[in-house]
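A.B. asks: Enclosed is the structure file data-v8.tsv (TSV, C-alpha atoms).
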```tsv
chain	number	residue	atom	x	y	z
A	1	MET	CA	25.86	-14.94	63.11
A	2	GLY	CA	23.68	-17.99	63.88
A	3	ALA	CA	21.83	-16.43	66.78
A	4	VAL	CA	20.66	-13.28	65.00
A	5	THR	CA	19.67	-14.84	61.66
A	6	PRO	CA	15.92	-15.61	61.66
A	7	THR	CA	14.95	-19.21	60.87
A	8	ALA	CA	13.02	-19.97	57.66
A	9	VAL	CA	9.81	-20.27	59.69
A	10	GLU	CA	10.39	-16.92	61.38
A	11	ARG	CA	11.05	-15.27	58.01
A	12	VAL	CA	7.86	-16.71	56.56
A	13	GLU	CA	5.86	-15.55	59.57
A	14	ARG	CA	7.06	-11.99	59.25
A	15	VAL	CA	5.70	-11.72	55.68
A	16	PRO	CA	2.07	-10.50	55.72
A	17	LYS	CA	-0.43	-13.24	54.87
A	18	GLN	CA	-1.62	-11.61	51.65
A	19	ASP	CA	1.93	-11.32	50.30
A	20	ARG	CA	2.62	-14.94	51.18
A	21	SER	CA	-0.50	-16.01	49.33
A	22	ARG	CA	0.58	-14.00	46.28
A	23	ALA	CA	4.07	-15.51	46.43
A	24	THR	CA	2.62	-19.04	46.65
A	25	ARG	CA	0.38	-18.37	43.67
A	26	GLN	CA	3.33	-17.09	41.68
A	27	ARG	CA	5.46	-20.12	42.56
A	28	LEU	CA	2.63	-22.38	41.41
A	29	LEU	CA	2.24	-20.53	38.11
A	30	GLU	CA	5.96	-20.66	37.36
A	31	ALA	CA	6.17	-24.33	38.31
A	32	ALA	CA	3.16	-25.07	36.08
A	33	VAL	CA	4.79	-23.52	33.01
A	34	ALA	CA	8.09	-25.33	33.66
A	35	CYS	CA	6.19	-28.59	34.14
A	36	LEU	CA	4.17	-28.19	30.91
A	37	ALA	CA	7.34	-27.34	28.96
A	38	GLU	CA	9.21	-30.38	30.30
A	39	HIS	CA	6.53	-33.04	30.59
A	40	GLY	CA	3.70	-31.96	28.29
A	41	TRP	CA	0.03	-31.89	29.18
A	42	ALA	CA	-0.27	-35.60	29.94
A	43	GLY	CA	2.51	-35.37	32.54
A	44	SER	CA	1.26	-32.14	34.12
A	45	THR	CA	-1.13	-32.53	37.04
A	46	VAL	CA	-1.88	-30.22	39.95
A	47	SER	CA	-0.04	-32.63	42.28
A	48	VAL	CA	3.14	-32.62	40.20
A	49	VAL	CA	3.11	-28.82	40.05
A	50	ALA	CA	2.39	-28.46	43.79
A	51	GLU	CA	5.32	-30.72	44.61
A	52	ARG	CA	7.61	-28.83	42.27
A	53	ALA	CA	6.54	-25.52	43.82
A	54	GLY	CA	7.00	-26.90	47.35
A	55	VAL	CA	3.34	-26.26	48.16
A	56	SER	CA	0.81	-28.72	49.57
A	57	ARG	CA	-1.80	-30.10	47.20
A	58	GLY	CA	-4.50	-28.53	49.36
A	59	ALA	CA	-2.90	-25.11	49.13
A	60	ALA	CA	-2.57	-25.50	45.36
A	61	GLN	CA	-6.25	-26.34	45.09
A	62	HIS	CA	-7.12	-23.36	47.25
A	63	HIS	CA	-5.55	-21.18	44.54
A	64	PHE	CA	-6.71	-23.14	41.48
A	65	ARG	CA	-9.86	-25.20	41.60
A	66	THR	CA	-9.10	-27.28	38.51
A	67	ARG	CA	-6.15	-28.41	36.43
A	68	GLU	CA	-7.47	-26.29	33.55
A	69	ASP	CA	-7.61	-23.20	35.82
A	70	LEU	CA	-4.01	-23.70	36.89
A	71	PHE	CA	-2.47	-24.20	33.46
A	72	THR	CA	-4.34	-21.52	31.54
A	73	ALA	CA	-3.60	-19.05	34.36
A	74	ALA	CA	0.05	-20.12	34.25
A	75	VAL	CA	0.49	-19.56	30.52
A	76	GLU	CA	-1.29	-16.22	30.78
A	77	TYR	CA	0.78	-15.09	33.76
A	78	VAL	CA	4.09	-15.98	32.11
A	79	ALA	CA	2.99	-14.38	28.83
A	80	GLU	CA	2.25	-11.16	30.71
A	81	GLU	CA	5.61	-11.30	32.49
A	82	ARG	CA	7.27	-11.73	29.09
A	83	SER	CA	5.38	-8.79	27.57
A	84	THR	CA	6.40	-6.59	30.47
A	85	ALA	CA	10.03	-7.68	30.13
A	86	LEU	CA	9.92	-7.04	26.39
A	87	ARG	CA	8.59	-3.50	26.82
A	88	ALA	CA	11.22	-2.90	29.52
A	89	LEU	CA	13.95	-3.84	27.00
A	90	PHE	CA	12.86	-0.93	24.79
A	91	PRO	CA	11.61	1.69	27.26
A	92	ASP	CA	11.61	4.48	24.68
A	93	GLY	CA	9.21	2.72	22.31
A	94	PRO	CA	10.22	2.16	18.67
A	95	ALA	CA	13.80	0.92	18.54
A	96	ASP	CA	16.38	-0.54	16.20
A	97	ARG	CA	14.35	-2.99	14.12
A	98	ARG	CA	16.92	-5.77	14.09
A	99	ALA	CA	17.08	-5.72	17.89
A	100	VAL	CA	13.27	-5.71	18.15
A	101	VAL	CA	12.95	-8.56	15.63
A	102	SER	CA	15.47	-10.64	17.60
A	103	ALA	CA	13.74	-9.99	20.91
A	104	LEU	CA	10.34	-10.90	19.43
A	105	VAL	CA	11.67	-14.14	17.93
A	106	ASP	CA	13.19	-15.01	21.33
A	107	LEU	CA	9.64	-14.95	22.79
A	108	PHE	CA	8.88	-18.01	20.66
A	109	THR	CA	11.88	-20.15	21.46
A	110	GLY	CA	11.91	-20.40	25.26
A	111	PRO	CA	10.03	-22.49	27.83
A	112	LEU	CA	6.95	-20.25	27.63
A	113	PHE	CA	6.42	-21.07	23.96
A	114	ARG	CA	7.07	-24.74	24.63
A	115	ALA	CA	4.52	-24.72	27.47
A	116	ALA	CA	1.95	-22.83	25.37
A	117	LEU	CA	2.48	-25.27	22.50
A	118	HIS	CA	1.71	-28.24	24.75
A	119	LEU	CA	-1.40	-26.46	25.99
A	120	TRP	CA	-2.61	-25.63	22.44
A	121	VAL	CA	-2.05	-29.14	21.17
A	122	ALA	CA	-3.81	-30.67	24.20
A	123	ALA	CA	-6.67	-28.20	23.76
A	124	SER	CA	-7.13	-29.25	20.13
A	125	ASN	CA	-8.28	-32.67	21.41
A	126	GLU	CA	-9.81	-31.85	24.79
A	127	ASP	CA	-13.21	-30.22	24.85
A	128	GLN	CA	-12.80	-28.98	28.43
A	129	LEU	CA	-9.63	-27.10	27.59
A	130	ARG	CA	-10.37	-25.91	24.09
A	131	PRO	CA	-12.62	-22.82	24.59
A	132	ARG	CA	-10.41	-21.47	27.37
A	133	VAL	CA	-7.17	-21.92	25.48
A	134	THR	CA	-8.69	-20.49	22.28
A	135	GLU	CA	-9.74	-17.39	24.18
A	136	LEU	CA	-6.36	-17.15	25.94
A	137	GLU	CA	-4.45	-17.55	22.68
A	138	ALA	CA	-6.50	-14.77	21.06
A	139	ARG	CA	-5.84	-12.44	23.99
A	140	VAL	CA	-2.09	-13.14	24.17
A	141	GLY	CA	-1.85	-12.92	20.37
A	142	ARG	CA	-3.48	-9.47	20.29
A	143	GLU	CA	-1.16	-8.21	23.00
A	144	THR	CA	1.94	-9.55	21.20
A	145	HIS	CA	0.75	-7.93	17.98
A	146	ARG	CA	0.22	-4.61	19.78
A	147	ILE	CA	3.75	-4.69	21.22
A	148	ALA	CA	5.26	-5.69	17.85
A	149	VAL	CA	3.51	-2.83	16.02
A	150	GLU	CA	4.65	-0.37	18.65
A	151	LEU	CA	8.28	-1.47	18.94
A	152	LEU	CA	8.73	-1.94	15.18
A	153	GLY	CA	7.26	1.55	14.67
A	154	ALA	CA	4.87	0.13	12.05
A	155	ASP	CA	2.29	2.51	10.61
A	156	GLU	CA	-0.78	0.28	10.34
A	157	SER	CA	-2.63	2.87	8.24
A	158	ARG	CA	-0.25	1.96	5.38
A	159	PRO	CA	-1.63	-0.82	3.17
A	160	GLY	CA	0.01	-4.15	3.97
A	161	ALA	CA	1.75	-2.98	7.16
A	162	ARG	CA	-0.64	-4.88	9.45
A	163	GLU	CA	-0.24	-8.11	7.45
A	164	THR	CA	3.53	-7.66	7.34
A	165	VAL	CA	3.68	-7.58	11.14
A	166	GLN	CA	1.19	-10.46	11.49
A	167	GLY	CA	3.19	-12.57	9.05
A	168	PHE	CA	6.37	-11.78	10.91
A	169	LEU	CA	4.80	-13.09	14.14
A	170	ASP	CA	3.64	-16.21	12.26
A	171	LEU	CA	7.21	-16.65	11.05
A	172	ALA	CA	8.43	-16.34	14.66
A	173	ARG	CA	5.87	-18.98	15.72
A	174	GLY	CA	7.08	-21.29	12.94
A	175	LEU	CA	10.69	-20.77	14.03
A	176	GLY	CA	9.64	-21.71	17.57
A	177	LEU	CA	8.15	-24.94	16.28
A	178	ALA	CA	11.29	-25.71	14.26
A	179	ASN	CA	13.26	-25.36	17.50
A	180	LEU	CA	11.15	-27.91	19.38
A	181	LEU	CA	13.18	-31.06	18.71
A	182	THR	CA	16.58	-29.71	17.73
A	183	ASP	CA	18.62	-26.63	18.54
A	184	ASP	CA	17.85	-24.63	15.44
A	185	ARG	CA	19.68	-21.45	16.49
A	186	ALA	CA	22.25	-21.18	13.68
A	187	ARG	CA	19.70	-21.59	10.90
A	188	ARG	CA	17.21	-19.36	12.72
A	189	GLU	CA	19.71	-16.51	12.99
A	190	ARG	CA	20.34	-16.55	9.23
A	191	VAL	CA	16.60	-16.63	8.47
A	192	VAL	CA	15.89	-13.83	10.93
A	193	ALA	CA	18.69	-11.66	9.50
A	194	GLN	CA	17.32	-12.05	5.98
A	195	TRP	CA	13.68	-11.45	6.88
A	196	ALA	CA	14.58	-8.50	9.11
A	197	THR	CA	15.97	-6.87	5.95
A	198	LEU	CA	12.79	-7.66	4.00
A	199	LEU	CA	10.66	-6.40	6.92
A	200	GLU	CA	12.69	-3.18	7.02
A	201	SER	CA	12.04	-2.46	3.35
A	202	ALA	CA	8.35	-3.43	3.68
A	203	LEU	CA	7.68	-1.20	6.69
A	204	GLY	CA	9.67	1.70	5.26
B	1	MET	CA	-26.95	-57.36	-12.47
B	2	GLY	CA	-26.86	-59.07	-9.05
B	3	ALA	CA	-25.78	-62.46	-10.37
B	4	VAL	CA	-22.79	-61.24	-12.38
B	5	THR	CA	-21.40	-58.75	-9.82
B	6	PRO	CA	-18.68	-60.44	-7.73
B	7	THR	CA	-19.20	-60.37	-3.96
B	8	ALA	CA	-16.79	-58.44	-1.80
B	9	VAL	CA	-15.02	-61.66	-0.82
B	10	GLU	CA	-14.62	-62.71	-4.46
B	11	ARG	CA	-13.21	-59.29	-5.35
B	12	VAL	CA	-10.71	-59.47	-2.50
B	13	GLU	CA	-9.66	-62.99	-3.57
B	14	ARG	CA	-8.99	-61.94	-7.13
B	15	VAL	CA	-6.44	-59.31	-5.96
B	16	PRO	CA	-2.95	-60.85	-5.76
B	17	LYS	CA	-1.74	-61.35	-2.19
B	18	GLN	CA	1.11	-58.84	-2.49
B	19	ASP	CA	-1.25	-56.09	-3.67
B	20	ARG	CA	-3.63	-56.86	-0.83
B	21	SER	CA	-0.80	-56.56	1.65
B	22	ARG	CA	0.20	-53.22	0.16
B	23	ALA	CA	-3.40	-52.02	0.28
B	24	THR	CA	-3.70	-53.05	3.94
B	25	ARG	CA	-0.49	-51.24	4.79
B	26	GLN	CA	-1.75	-48.12	3.03
B	27	ARG	CA	-5.09	-48.25	4.85
B	28	LEU	CA	-3.25	-48.53	8.16
B	29	LEU	CA	-1.01	-45.57	7.35
B	30	GLU	CA	-3.91	-43.36	6.34
B	31	ALA	CA	-5.93	-44.37	9.39
B	32	ALA	CA	-2.91	-43.65	11.62
B	33	VAL	CA	-2.58	-40.08	10.32
B	34	ALA	CA	-6.32	-39.43	10.66
B	35	CYS	CA	-6.22	-40.86	14.19
B	36	LEU	CA	-3.24	-38.72	15.26
B	37	ALA	CA	-4.87	-35.61	13.81
B	38	GLU	CA	-8.15	-36.26	15.60
B	39	HIS	CA	-7.10	-37.78	18.91
B	40	GLY	CA	-3.47	-36.79	19.42
B	41	TRP	CA	-0.65	-39.11	20.46
B	42	ALA	CA	-2.22	-40.14	23.77
B	43	GLY	CA	-5.36	-41.37	22.00
B	44	SER	CA	-3.55	-43.09	19.16
B	45	THR	CA	-2.73	-46.76	19.68
B	46	VAL	CA	-2.18	-49.57	17.19
B	47	SER	CA	-5.55	-51.09	18.21
B	48	VAL	CA	-7.47	-47.89	17.56
B	49	VAL	CA	-5.82	-47.51	14.15
B	50	ALA	CA	-6.39	-51.18	13.23
B	51	GLU	CA	-10.08	-50.86	14.06
B	52	ARG	CA	-10.39	-47.66	12.06
B	53	ALA	CA	-8.69	-49.30	9.08
B	54	GLY	CA	-10.88	-52.42	9.37
B	55	VAL	CA	-7.81	-54.62	9.90
B	56	SER	CA	-7.20	-57.12	12.72
B	57	ARG	CA	-4.74	-56.14	15.43
B	58	GLY	CA	-2.58	-59.10	14.46
B	59	ALA	CA	-2.43	-58.01	10.83
B	60	ALA	CA	-1.56	-54.46	11.92
B	61	GLN	CA	1.30	-55.81	14.03
B	62	HIS	CA	2.49	-57.92	11.13
B	63	HIS	CA	3.02	-54.66	9.22
B	64	PHE	CA	4.26	-52.50	12.10
B	65	ARG	CA	6.03	-54.03	15.06
B	66	THR	CA	5.62	-51.05	17.37
B	67	ARG	CA	3.40	-48.02	17.84
B	68	GLU	CA	6.42	-45.80	17.02
B	69	ASP	CA	6.99	-47.72	13.74
B	70	LEU	CA	3.39	-47.24	12.71
B	71	PHE	CA	3.10	-43.53	13.40
B	72	THR	CA	6.44	-42.38	12.05
B	73	ALA	CA	5.84	-44.48	8.90
B	74	ALA	CA	2.37	-42.94	8.62
B	75	VAL	CA	3.55	-39.34	8.79
B	76	GLU	CA	6.32	-40.09	6.31
B	77	TYR	CA	3.99	-41.87	3.90
B	78	VAL	CA	1.43	-39.07	3.90
B	79	ALA	CA	4.17	-36.43	3.57
B	80	GLU	CA	5.46	-38.24	0.47
B	81	GLU	CA	1.95	-38.46	-0.96
B	82	ARG	CA	1.58	-34.72	-0.41
B	83	SER	CA	4.91	-33.94	-2.07
B	84	THR	CA	3.92	-36.01	-5.08
B	85	ALA	CA	0.55	-34.26	-5.28
B	86	LEU	CA	2.24	-30.88	-5.00
B	87	ARG	CA	4.65	-31.60	-7.85
B	88	ALA	CA	1.74	-32.92	-9.91
B	89	LEU	CA	-0.05	-29.57	-9.48
B	90	PHE	CA	2.85	-27.83	-11.25
B	91	PRO	CA	4.10	-30.41	-13.76
B	92	ASP	CA	6.15	-27.88	-15.71
B	93	GLY	CA	8.29	-26.82	-12.74
B	94	PRO	CA	8.50	-23.14	-11.75
B	95	ALA	CA	5.02	-21.64	-11.86
B	96	ASP	CA	3.08	-18.53	-10.92
B	97	ARG	CA	4.52	-17.63	-7.51
B	98	ARG	CA	1.21	-16.72	-5.88
B	99	ALA	CA	-0.24	-20.11	-6.84
B	100	VAL	CA	2.87	-21.92	-5.55
B	101	VAL	CA	2.84	-19.94	-2.30
B	102	SER	CA	-0.83	-20.83	-1.75
B	103	ALA	CA	-0.26	-24.51	-2.47
B	104	LEU	CA	2.74	-24.62	-0.10
B	105	VAL	CA	0.80	-22.92	2.71
B	106	ASP	CA	-2.02	-25.46	2.20
B	107	LEU	CA	0.48	-28.23	3.07
B	108	PHE	CA	0.60	-26.82	6.60
B	109	THR	CA	-3.09	-26.45	7.32
B	110	GLY	CA	-4.55	-29.90	6.69
B	111	PRO	CA	-4.74	-33.15	8.67
B	112	LEU	CA	-1.14	-34.10	7.78
B	113	PHE	CA	0.25	-31.03	9.52
B	114	ARG	CA	-2.04	-31.62	12.48
B	115	ALA	CA	-0.87	-35.23	12.74
B	116	ALA	CA	2.79	-34.28	12.38
B	117	LEU	CA	2.36	-31.60	15.05
B	118	HIS	CA	1.00	-34.15	17.52
B	119	LEU	CA	3.91	-36.44	16.73
B	120	TRP	CA	6.51	-33.65	17.17
B	121	VAL	CA	5.05	-32.51	20.46
B	122	ALA	CA	4.83	-36.08	21.79
B	123	ALA	CA	8.42	-36.69	20.65
B	124	SER	CA	9.63	-33.66	22.57
B	125	ASN	CA	8.72	-35.51	25.81
B	126	GLU	CA	9.18	-39.17	24.84
B	127	ASP	CA	12.67	-40.52	24.53
B	128	GLN	CA	11.58	-43.52	22.46
B	129	LEU	CA	9.99	-41.34	19.85
B	130	ARG	CA	12.34	-38.38	19.81
B	131	PRO	CA	15.32	-39.55	17.67
B	132	ARG	CA	13.03	-41.08	15.03
B	133	VAL	CA	10.80	-38.05	14.74
B	134	THR	CA	13.77	-35.68	14.68
B	135	GLU	CA	15.26	-37.62	11.80
B	136	LEU	CA	11.90	-37.83	10.01
B	137	GLU	CA	11.28	-34.10	10.44
B	138	ALA	CA	14.70	-33.28	8.99
B	139	ARG	CA	14.08	-35.53	5.98
B	140	VAL	CA	10.57	-34.19	5.27
B	141	GLY	CA	11.80	-30.62	5.84
B	142	ARG	CA	14.63	-31.00	3.29
B	143	GLU	CA	12.23	-32.43	0.71
B	144	THR	CA	9.71	-29.61	1.24
B	145	HIS	CA	12.52	-27.06	0.91
B	146	ARG	CA	13.69	-28.69	-2.33
B	147	ILE	CA	10.19	-28.55	-3.82
B	148	ALA	CA	9.70	-24.95	-2.69
B	149	VAL	CA	12.99	-23.82	-4.27
B	150	GLU	CA	12.13	-25.60	-7.50
B	151	LEU	CA	8.53	-24.43	-7.84
B	152	LEU	CA	9.28	-20.85	-6.74
B	153	GLY	CA	12.13	-20.79	-9.27
B	154	ALA	CA	14.48	-19.48	-6.55
B	155	ASP	CA	18.14	-19.10	-7.48
B	156	GLU	CA	19.91	-20.28	-4.34
B	157	SER	CA	23.25	-18.97	-5.58
B	158	ARG	CA	21.91	-15.44	-4.94
B	159	PRO	CA	22.73	-14.19	-1.42
B	160	GLY	CA	19.71	-14.44	0.85
B	161	ALA	CA	17.58	-16.54	-1.52
B	162	ARG	CA	17.97	-19.71	0.53
B	163	GLU	CA	17.01	-17.94	3.79
B	164	THR	CA	14.10	-16.22	2.05
B	165	VAL	CA	12.62	-19.60	1.09
B	166	GLN	CA	13.39	-21.13	4.50
B	167	GLY	CA	11.72	-18.21	6.27
B	168	PHE	CA	8.70	-18.51	4.02
B	169	LEU	CA	8.35	-22.19	5.02
B	170	ASP	CA	8.70	-21.19	8.69
B	171	LEU	CA	5.91	-18.68	8.10
B	172	ALA	CA	3.77	-21.44	6.59
B	173	ARG	CA	4.47	-23.63	9.64
B	174	GLY	CA	3.48	-20.77	11.95
B	175	LEU	CA	0.27	-20.24	9.97
B	176	GLY	CA	-0.47	-23.93	10.39
B	177	LEU	CA	-0.10	-23.59	14.14
B	178	ALA	CA	-2.34	-20.50	14.19
B	179	ASN	CA	-5.00	-22.62	12.46
B	180	LEU	CA	-4.95	-25.36	15.09
B	181	LEU	CA	-7.70	-24.11	17.39
B	182	THR	CA	-9.65	-21.74	15.18
B	183	ASP	CA	-10.41	-21.44	11.48
B	184	ASP	CA	-7.85	-18.80	10.62
B	185	ARG	CA	-8.45	-18.80	6.86
B	186	ALA	CA	-9.52	-15.18	6.33
B	187	ARG	CA	-6.57	-13.72	8.22
B	188	ARG	CA	-4.19	-16.26	6.66
B	189	GLU	CA	-5.19	-15.28	3.14
B	190	ARG	CA	-4.40	-11.62	3.82
B	191	VAL	CA	-1.04	-12.46	5.37
B	192	VAL	CA	-0.15	-14.82	2.52
B	193	ALA	CA	-1.07	-12.22	-0.11
B	194	GLN	CA	1.19	-9.65	1.54
B	195	TRP	CA	4.10	-12.04	2.13
B	196	ALA	CA	3.85	-13.38	-1.42
B	197	THR	CA	4.53	-9.81	-2.56
B	198	LEU	CA	7.56	-9.57	-0.23
B	199	LEU	CA	8.80	-12.96	-1.47
B	200	GLU	CA	8.36	-11.89	-5.08
B	201	SER	CA	10.46	-8.77	-4.61
B	202	ALA	CA	13.10	-10.68	-2.61
B	203	LEU	CA	13.50	-13.51	-5.13
B	204	GLY	CA	13.46	-11.16	-8.11
```
So, in terms of structure tokens, how does the structure I just supplied come out?
C.D. replies:
Amino acid sequence: MGAVTPTAVERVERVPKQDRSRATRQRLLEAAVACLAEHGWAGSTVSVVAERAGVSRGAAQHHFRTREDLFTAAVEYVAEERSTALRALFPDGPADRRAVVSALVDLFTGPLFRAALHLWVAASNEDQLRPRVTELEARVGRETHRIAVELLGADESRPGARETVQGFLDLARGLGLANLLTDDRARRERVVAQWATLLESALG
Amino acid sequence: MGAVTPTAVERVERVPKQDRSRATRQRLLEAAVACLAEHGWAGSTVSVVAERAGVSRGAAQHHFRTREDLFTAAVEYVAEERSTALRALFPDGPADRRAVVSALVDLFTGPLFRAALHLWVAASNEDQLRPRVTELEARVGRETHRIAVELLGADESRPGARETVQGFLDLARGLGLANLLTDDRARRERVVAQWATLLESALG
């Protein structure tokens, strides 16, 4: 087979330039989120991410001018990927509430939440990062709320329904935080089961 | 009055040595929490805290051998102070649930929560800090749960009551996180009012 299999360089050269640029960007964004989740803000520089993504530092800086650009774009990109994946899990809209509750809570316990948490906490002390992360958090938060309302089939015209969903997302965020240092899965599952029942009766 | 008022030095010298040592320790602990809340882990060193507390670096190191000693002791000390203050608010035990819910949520929105959050997030990436903070978090978490059960008058022998209280504390933690970058008070109050109603009906 050796003779007919293209080399890595040949394969790369056959991909149109624009697609390669998009693929590089995507690799950088994914590496940035993984890096934030594992090493925190202090350990996350453009160089570290470029190396992890297998991209030169120059190429990384071509895509993202500053460290702040790279990491806010990364958290936003992964959040969007997650939202898309979540909607794809329930393609027919409102679904079994227990399943939806579980899937929403899962959003807050993986590497994306961990990365976002590092970014939020760093932003709380860094003036350069703060306005951008605040704006990003608001945008991602609104989108998550929109998906939750839709998939839980909540009727927001009913008094208290909006706050019930908001509080549920705050609960999910708190469960994510509780999972930061220890594997909190067993406790979390019991809490989620109980509050899913309360949510069910509150949303009607 | 000038002649009969003792000078600062005279006042200090009249305080027994042991009390002065305790007062110094307390000043260091309070300065450490304020420092963590304002500057995060990266900006919090023993020197910075000593200066803030008006204590020499040598005296600070006499009380706390390492940076990890100082900051875990600080978060624990302030958490204990908060627990004591919380119990003092409701000296007769179980009280009006809305008032208790509000007071518990307040625990997660002040400088103590902010300081603890910085410590948790730093611990998630620093091996030296991680086991100590994990243990501290578990201890403080159990104490907060105990107070919540007591003041909410929850009967933990009833199925689901324990998870209801745990989930409420996770909600409070999530609300604390939502308050990190922006003043989230107005939204929080609406969420808390709604979830207090759900808690009320769940705890009976």
A.B. asks: Please identify every residue of chain B that has at least one atom no more than 8 Å from any atom of chain A, counting all atoms listed in the file, and report them as a PyMOL selection string.
C.D. replies: chain B and resi 38-40+42+117-118+120-125+130+134+160+163-164+166-168+170-175+177-178+180-182+190-192+194-195+198+202
A.B. asks: Using all atoms listed in the file, pick whichever of A:Ala154, A:Arg185, A:Ser44, A:Leu112 has the shortest atom-to-atom distance to Glu81 in chain A.
C.D. replies: A:Leu112
A.B. asks: Which residues, written as a ChimeraX atom specification, have at least one atom at most 9 Å from Gly54 in chain B, with all atoms listed in the file counted and residues fewer than 5 positions away on the same chain left out?
C.D. replies: /B:27-28,49
A.B. asks: Specify the axis-aligned box that encloses all atoms of range 25-43 of chain B listed in the file after padding of 8 Å on each side, stating its centre and edge lengths in Å to one decimal as AutoDock Vina command-line options.
C.D. replies:
```
--center_x -4.3 --center_y -43.4 --center_z 13.4 --size_x 23.7 --size_y 31.6 --size_z 36.7
```
A.B. asks: Could you please determine the separation between CA of Glu143 in chain B and CA of Phe113 in chain B in Å, to one decimal place?
C.D. replies: 14.9 Å
A.B. asks: To one decimal in Å, tell me the separation between CA of Leu129 in chain B and CA of Ala32 in chain B.
C.D. replies: 15.5 Å
A.B. asks: Could you tell me how far CA of Ser83 in chain B sits from CA of Asp183 in chain A, in Å to one decimal place?
C.D. replies: 25.8 Å
A.B. asks: Just want the 9 Å neighbourhood of Val33 in chain A, counted on only C-alpha atoms, with same-chain residues fewer than 6 positions away dropped. Output as a PDB file with C-alpha atoms, in the frame of the given file.
C.D. replies:
```
ATOM      1  CA  VAL A  49       3.110 -28.820  40.050  1.00  0.00           C
ATOM      2  CA  PHE A  71      -2.470 -24.200  33.460  1.00  0.00           C
ATOM      3  CA  ALA A  74       0.050 -20.120  34.250  1.00  0.00           C
ATOM      4  CA  VAL A  75       0.490 -19.560  30.520  1.00  0.00           C
ATOM      5  CA  VAL A  78       4.090 -15.980  32.110  1.00  0.00           C
ATOM      6  CA  PRO A 111      10.030 -22.490  27.830  1.00  0.00           C
ATOM      7  CA  LEU A 112       6.950 -20.250  27.630  1.00  0.00           C
ATOM      8  CA  ARG A 114       7.070 -24.740  24.630  1.00  0.00           C
ATOM      9  CA  ALA A 115       4.520 -24.720  27.470  1.00  0.00           C
ATOM     10  CA  ALA A 116       1.950 -22.830  25.370  1.00  0.00           C
TER      11      ALA A 116
END
```
A.B. asks: Taking only C-alpha atoms into account, which of B:Asp96, B:Asp69, B:Glu30, B:Glu80 comes nearest Ala53 in chain B?
C.D. replies: B:Glu30
